Amino acid sequence: MGSRVGTLLWRAGLAVALVCGIGLLPWLSHTDPALTVLKARSADRDPDPEVLADIRARLGLAEGPSNLLGKWLGGLPRGDAGRSWISGADVAPAVAQALGASVLLMAVSLFVAGCTAAVVCARTLYLGAHRRLDGRPSGGSGSAVLAALPEFLIASVLATVVGVQWGWLPALGWYGPQWTVLPALALGLPAGAVLGRLLDDQLPAAFAEPWASAAAARGLPGRSIARQALRRCVPGLLPNLGLFAVGLTGGSVAVEQIFDIPGLGRTTLQAALAQDLPVLQAGTLTLVALAAATTGAAHLAARRLIGPALRDGALHTLHGPSHTVHGPSSTARSIPPFAYGILLIVVIGPGLPRDPLALDTTARLRPPSLSHPFGTDALGRDMLARVAHGALDTLLLALAISALALAAGVLLGLLPRVSGPLVDTVNAVPPVLAALLVTALWGSGTATPVLAVSVVAWAPLAAHTSALLREERATLHLTATRALGAGRWYLLRSELLPAVLPPVARHALLRLPGLSLALASLGFLGLGAQPPSPEWGLLLAENQPYAERAPWAVLAPASVLALLGALAVTAAGGLRRPRRRAPGPHVGASASAGIR
């Protein structure tokens with residue numbers, strides 16, 4: 001009971017700290033809130049001192065941030081979230097309406113993600129249910145390519161082709177169920193590909209457990225075995241599913257911008273840019289509360305699916321050495337990543353000697369040719385050169401962030417009572433808002449998107465680590481090892497970490513294209529690199545208006561992102577801990593002697 005109270009207090013303290021930090025945003029950034037509000041209300045109006053003084057008086061800015069924050073917090077118990085500094089309207093109804101739109105979009109996107117994940121796992125489920133999985137690698141590179149495509153690029157293509165050219169579905173606005181289809185596809189397809197890869201990574205071990213062999217021997221239908229295998233693997237992924245749900249609600253800013261959806265992410269972004277603190281604080285607090293509720297629901301669902309085996313320590317490990325999983329040879333597994341790596345080098349290498357900034361206005365939007373293999377952009381710059389030079393920055397930054405996120409995620413995942421509320425709070429902060437907070441504290445620059453992405457990148461890995469550790473601690477072999485006299489540090493060093501690190505490392509590799517996309521998204525929204533930098537997000541943003549006339553200008557960076565995704569997934573397949581058969585009596589005796 002005491003630990004639960006402490007966790008609730010820790011969660012509340014983090015939420016208050018985040019809201020207070022947002023309340024100090026204008027003062028931390030050393031900007032005049034009155035001037036920002038004036039520009040948001042009327043961009044053409046001159047900043048007359050009398051007008052600015054009137055705005056300060058109306059908003060109570062002279063009282064200081066602490067008094068403003070205190071008044072805002074004092075109104076929350078009464079359901080009063082204040083009034084917008086820009087429109088003067090009540091904040092609570094506006095945020096509730098935006099939340100309703102985002103929750104509906106999130107629900108449809110999760111449905112699309114679930115269908116996509118089912119397609120990704122269908123082959124493994126079929127082969128495993130019919131006991132034909134031995135010697136066959138799980139998954140493929142198609143899901144990696146889909147996961148690596150930027151959401152805003154998918155949204156742009158769907159809006160232009162399906163919505164405008166073909167006219168099958170509405171491309172702008174938010175007026176009914178049919179308006180949810182295109183944005184839900186843009187959000188759900190990449191998310192479903194990532195979830196499907198994580199699930200597909202665990203299914204072979206589930207089919208190798210003793211219960212699956214016993215069920216097949218008793219003649220149970222394959223669909224029943226497949227259903228139970230899913231039930232065995234899904235609990236370890238539910239925390240990440242919760243993170244995806246919150247991320248789809250608050251982090252889908254670019255998609256909401258493209259489809260003109262009045263969602264919570266877009267509302268929060270507009271409030272942050274205009275420094276409309278009441279709206280920004282209410283939106284962020286709503287996201288934090290949603291993250292806490294989603295996490296609680298995910299934990300309850302996981303316990304419901306696992307049943308009493310979690311309490312009784314009767315689980316079989318999906319990650320340790322107690323199963324025999326006959327997979328492809330290490331040589332066969334190394335061929336695809338080697339091939340994709342060579343292809344990536346072949347694509348990037350020839351562009352490095354070229355000048356990515358050289359202008360040639362006589363060669364604007366030229367199609368691919370021998371002199372310009374990737375074509376040219378709207379200023380006549382060589383796209384091969386820009387993609388190659390942008391790859392150096394984007395890939396190196398993504399690799400560095402991924403390594404830091406993996407280390408932080410594993411370390412914090414070992415302390416679930418500390419990291420759980422912290423993960424929820426961090427995940428509730430969209431990268432765009434994190435970028436604005438980083439800009440306020442350290443100023444704008446090339447490091448701003450790196451710091452913003454680093455702040456939130458570790459959260460999914462920490463949630464994954466905690467979920468795997470919870471299941472691993474309830475396994476039979478760990479209970480037996482503990483009964484033989486093994487201590488905490490031995491179990492952590494020799495049993496828990498070796499079982500958890502490989503799947504979490506594979507998860508980190510799967511997220512490597514996603515980190516590149518996060519950096520690209522900030523550049524797409526104008527919060528990252530600035531022209532004439534060849535950063536990939538900026539390339540996509542600059543060339544998006546010409547996608548119909550010169551599709552190669554958008555397809556070039558998108559194709560390299562997809563290639564990076566395929567490389568990351570196939571390389572992740574090689575990070576598998578060697579598995580062996582369950583130890584015989586002589587092996588158990590030797591292990592017991594080693595523990596003593």
# chains A, B, ... in the order shown; residues from 1 in each chain; ligands from 1

call {"tool": "residues_around", "arguments": {"residues": "Val234 in chain A", "least_positions_apart": "5", "cutoff": "12 Å", "atoms": "only C-alpha atoms", "output": "MDAnalysis selection string"}}
result
chainID A and resid 114 117 195:196 198:203 206 227:229 239:241 298:299 301:306 318 464 467:468 471

call {"tool": "residues_around", "arguments": {"residues": "Arg223 in chain A", "least_positions_apart": "6", "cutoff": "12 Å", "atoms": "only C-alpha atoms", "output": "mmCIF file with all heavy atoms, in the first residue's frame"}}
result
data_model
loop_
_atom_site.group_PDB
_atom_site.id
_atom_site.type_symbol
_atom_site.label_atom_id
_atom_site.label_comp_id
_atom_site.auth_asym_id
_atom_site.auth_seq_id
_atom_site.Cartn_x
_atom_site.Cartn_y
_atom_site.Cartn_z
ATOM 1 N N ALA A 122 1.228 -12.664 -39.703
ATOM 2 C CA ALA A 122 0.382 -13.738 -40.217
ATOM 3 C C ALA A 122 1.204 -14.959 -40.626
ATOM 4 O O ALA A 122 0.828 -16.101 -40.322
ATOM 5 C CB ALA A 122 -0.434 -13.225 -41.409
ATOM 6 N N LEU A 125 2.494 -16.816 -37.533
ATOM 7 C CA LEU A 125 1.385 -17.473 -36.841
ATOM 8 C C LEU A 125 0.952 -18.730 -37.584
ATOM 9 O O LEU A 125 0.699 -19.781 -36.969
ATOM 10 C CB LEU A 125 0.210 -16.502 -36.710
ATOM 11 C CG LEU A 125 0.318 -15.418 -35.638
ATOM 12 C CD1 LEU A 125 -0.802 -14.409 -35.786
ATOM 13 C CD2 LEU A 125 0.303 -16.035 -34.245
ATOM 14 N N TYR A 126 0.881 -18.648 -38.894
ATOM 15 C CA TYR A 126 0.447 -19.811 -39.675
ATOM 16 C C TYR A 126 1.460 -20.951 -39.571
ATOM 17 O O TYR A 126 1.104 -22.103 -39.305
ATOM 18 C CB TYR A 126 0.250 -19.406 -41.128
ATOM 19 C CG TYR A 126 -0.137 -20.567 -42.028
ATOM 20 C CD1 TYR A 126 -1.452 -21.006 -42.085
ATOM 21 C CD2 TYR A 126 0.829 -21.216 -42.795
ATOM 22 C CE1 TYR A 126 -1.808 -22.072 -42.898
ATOM 23 C CE2 TYR A 126 0.478 -22.283 -43.607
ATOM 24 C CZ TYR A 126 -0.832 -22.712 -43.657
ATOM 25 O OH TYR A 126 -1.181 -23.771 -44.443
ATOM 26 N N LEU A 127 2.737 -20.624 -39.759
ATOM 27 C CA LEU A 127 3.770 -21.659 -39.707
ATOM 28 C C LEU A 127 3.896 -22.247 -38.307
ATOM 29 O O LEU A 127 4.047 -23.462 -38.135
ATOM 30 C CB LEU A 127 5.114 -21.079 -40.158
ATOM 31 C CG LEU A 127 5.195 -20.644 -41.629
ATOM 32 C CD1 LEU A 127 6.541 -20.003 -41.916
ATOM 33 C CD2 LEU A 127 4.959 -21.821 -42.555
ATOM 34 N N GLY A 128 3.826 -21.380 -37.289
ATOM 35 C CA GLY A 128 3.932 -21.875 -35.917
ATOM 36 C C GLY A 128 2.760 -22.738 -35.522
ATOM 37 O O GLY A 128 2.918 -23.761 -34.836
ATOM 38 N N ALA A 129 1.559 -22.350 -35.927
ATOM 39 C CA ALA A 129 0.375 -23.137 -35.582
ATOM 40 C C ALA A 129 0.392 -24.515 -36.229
ATOM 41 O O ALA A 129 -0.179 -25.461 -35.691
ATOM 42 C CB ALA A 129 -0.883 -22.381 -35.998
ATOM 43 N N HIS A 130 1.065 -24.642 -37.372
ATOM 44 C CA HIS A 130 1.142 -25.926 -38.066
ATOM 45 C C HIS A 130 2.495 -26.605 -37.854
ATOM 46 O O HIS A 130 2.851 -27.520 -38.613
ATOM 47 C CB HIS A 130 0.879 -25.729 -39.564
ATOM 48 C CG HIS A 130 -0.532 -25.311 -39.876
ATOM 49 N ND1 HIS A 130 -0.948 -23.993 -39.787
ATOM 50 C CD2 HIS A 130 -1.642 -26.027 -40.238
ATOM 51 C CE1 HIS A 130 -2.228 -23.915 -40.103
ATOM 52 N NE2 HIS A 130 -2.672 -25.127 -40.377
ATOM 53 N N ARG A 131 3.246 -26.144 -36.850
ATOM 54 C CA ARG A 131 4.518 -26.759 -36.456
ATOM 55 C C ARG A 131 5.498 -26.823 -37.621
ATOM 56 O O ARG A 131 6.211 -27.803 -37.815
ATOM 57 C CB ARG A 131 4.296 -28.173 -35.893
ATOM 58 C CG ARG A 131 3.129 -28.326 -34.938
ATOM 59 C CD ARG A 131 3.214 -27.367 -33.787
ATOM 60 N NE ARG A 131 4.379 -27.638 -32.944
ATOM 61 C CZ ARG A 131 4.855 -26.792 -32.026
ATOM 62 N NH1 ARG A 131 4.280 -25.606 -31.865
ATOM 63 N NH2 ARG A 131 5.890 -27.118 -31.292
ATOM 64 N N ALA A 212 2.789 -25.709 -26.382
ATOM 65 C CA ALA A 212 2.440 -25.727 -27.795
ATOM 66 C C ALA A 212 2.607 -27.130 -28.378
ATOM 67 O O ALA A 212 1.751 -27.608 -29.147
ATOM 68 C CB ALA A 212 3.297 -24.720 -28.561
ATOM 69 N N ALA A 215 -0.220 -29.259 -27.021
ATOM 70 C CA ALA A 215 -1.497 -28.947 -27.666
ATOM 71 C C ALA A 215 -1.567 -29.544 -29.051
ATOM 72 O O ALA A 215 -2.612 -30.083 -29.465
ATOM 73 C CB ALA A 215 -1.682 -27.426 -27.725
ATOM 74 N N ALA A 216 -0.461 -29.481 -29.808
ATOM 75 C CA ALA A 216 -0.448 -30.071 -31.143
ATOM 76 C C ALA A 216 -0.582 -31.589 -31.074
ATOM 77 O O ALA A 216 -1.269 -32.209 -31.901
ATOM 78 C CB ALA A 216 0.841 -29.676 -31.867
ATOM 79 N N ALA A 229 -0.660 -18.521 -28.450
ATOM 80 C CA ALA A 229 0.673 -17.939 -28.631
ATOM 81 C C ALA A 229 0.602 -16.418 -28.596
ATOM 82 O O ALA A 229 1.463 -15.747 -28.002
ATOM 83 C CB ALA A 229 1.298 -18.423 -29.930
ATOM 84 N N LEU A 230 -0.427 -15.861 -29.222
ATOM 85 C CA LEU A 230 -0.614 -14.411 -29.149
ATOM 86 C C LEU A 230 -0.862 -13.963 -27.721
ATOM 87 O O LEU A 230 -0.297 -12.957 -27.261
ATOM 88 C CB LEU A 230 -1.795 -14.003 -30.034
ATOM 89 C CG LEU A 230 -1.541 -13.885 -31.537
ATOM 90 C CD1 LEU A 230 -2.843 -13.589 -32.263
ATOM 91 C CD2 LEU A 230 -0.523 -12.786 -31.810
#

call {"tool": "residues_around", "arguments": {"residues": "Ser42 in chain A", "least_positions_apart": "4", "cutoff": "12 Å", "atoms": "only C-alpha atoms", "output": "PyMOL selection string"}}
result
chain A and resi 35-38+46-47+51+86-87+274

call {"tool": "write_last_selection", "arguments": {"atoms": "N, CA, C and O atoms", "output": "short mmCIF file (atom, residue, chain, number, x, y, z; two decimals), in the first residue's frame"}}
result
data_model
loop_
_atom_site.label_atom_id
_atom_site.label_comp_id
_atom_site.auth_asym_id
_atom_site.auth_seq_id
_atom_site.Cartn_x
_atom_site.Cartn_y
_atom_site.Cartn_z
N LEU A 35 4.13 40.54 -26.34
CA LEU A 35 4.46 40.70 -27.76
C LEU A 35 4.07 39.45 -28.55
O LEU A 35 3.53 39.54 -29.66
N THR A 36 4.33 38.27 -27.97
CA THR A 36 3.97 37.03 -28.66
C THR A 36 2.46 36.90 -28.83
O THR A 36 1.97 36.50 -29.89
N VAL A 37 1.71 37.27 -27.78
CA VAL A 37 0.25 37.21 -27.85
C VAL A 37 -0.27 38.20 -28.89
O VAL A 37 -1.19 37.90 -29.67
N LEU A 38 0.33 39.40 -28.95
CA LEU A 38 -0.09 40.41 -29.92
C LEU A 38 0.13 39.90 -31.35
O LEU A 38 -0.74 40.05 -32.22
N ASP A 46 1.44 46.78 -35.23
CA ASP A 46 2.71 47.23 -34.67
C ASP A 46 2.69 47.09 -33.15
O ASP A 46 1.66 47.35 -32.50
N PRO A 47 3.83 46.69 -32.57
CA PRO A 47 3.89 46.52 -31.11
C PRO A 47 3.98 47.86 -30.37
O PRO A 47 5.03 48.27 -29.88
N VAL A 51 -0.32 49.38 -26.27
CA VAL A 51 -1.05 48.13 -26.54
C VAL A 51 -0.44 46.98 -25.75
O VAL A 51 -1.15 46.16 -25.14
N ILE A 86 -5.23 34.14 -26.30
CA ILE A 86 -5.37 34.59 -27.68
C ILE A 86 -6.83 34.90 -28.01
O ILE A 86 -7.16 36.00 -28.47
N SER A 87 -7.73 33.94 -27.77
CA SER A 87 -9.13 34.11 -28.15
C SER A 87 -10.01 34.60 -27.02
O SER A 87 -11.10 35.11 -27.28
N ALA A 274 2.33 30.26 -29.83
CA ALA A 274 1.77 31.56 -29.45
C ALA A 274 1.97 31.88 -27.98
O ALA A 274 1.56 32.95 -27.54
#

call {"tool": "closest_residue", "arguments": {"among": "A:Ala96, A:Leu153, A:Ala407, A:Gln281", "to": "Val19 in chain A", "atoms": "only C-alpha atoms"}}
result
A:Gln281

call {"tool": "closest_residue", "arguments": {"among": "A:Leu484, A:Leu104, A:Ala226, A:Leu357", "to": "Val387 in chain A", "atoms": "only C-alpha atoms"}}
result
A:Leu357

call {"tool": "residues_around", "arguments": {"residues": "Leu343 in chain A", "least_positions_apart": "5", "cutoff": "10 Å", "atoms": "only C-alpha atoms", "output": "MDAnalysis selection string"}}
result
chainID A and resid 337:338 348:349 560 563:564 567

call {"tool": "closest_residue", "arguments": {"among": "A:Leu422, A:Asp32, A:Ala81, A:Arg488", "to": "Leu280 in chain A", "atoms": "only C-alpha atoms"}}
result
A:Ala81

call {"tool": "closest_residue", "arguments": {"among": "A:Ala457, A:Ala486, A:Leu492, A:Val119", "to": "Glu472 in chain A", "atoms": "only C-alpha atoms"}}
result
A:Leu492

call {"tool": "closest_residue", "arguments": {"among": "A:Cys121, A:Leu352, A:Val157, A:Ala184", "to": "Ser109 in chain A", "atoms": "only C-alpha atoms"}}
result
A:Ala184
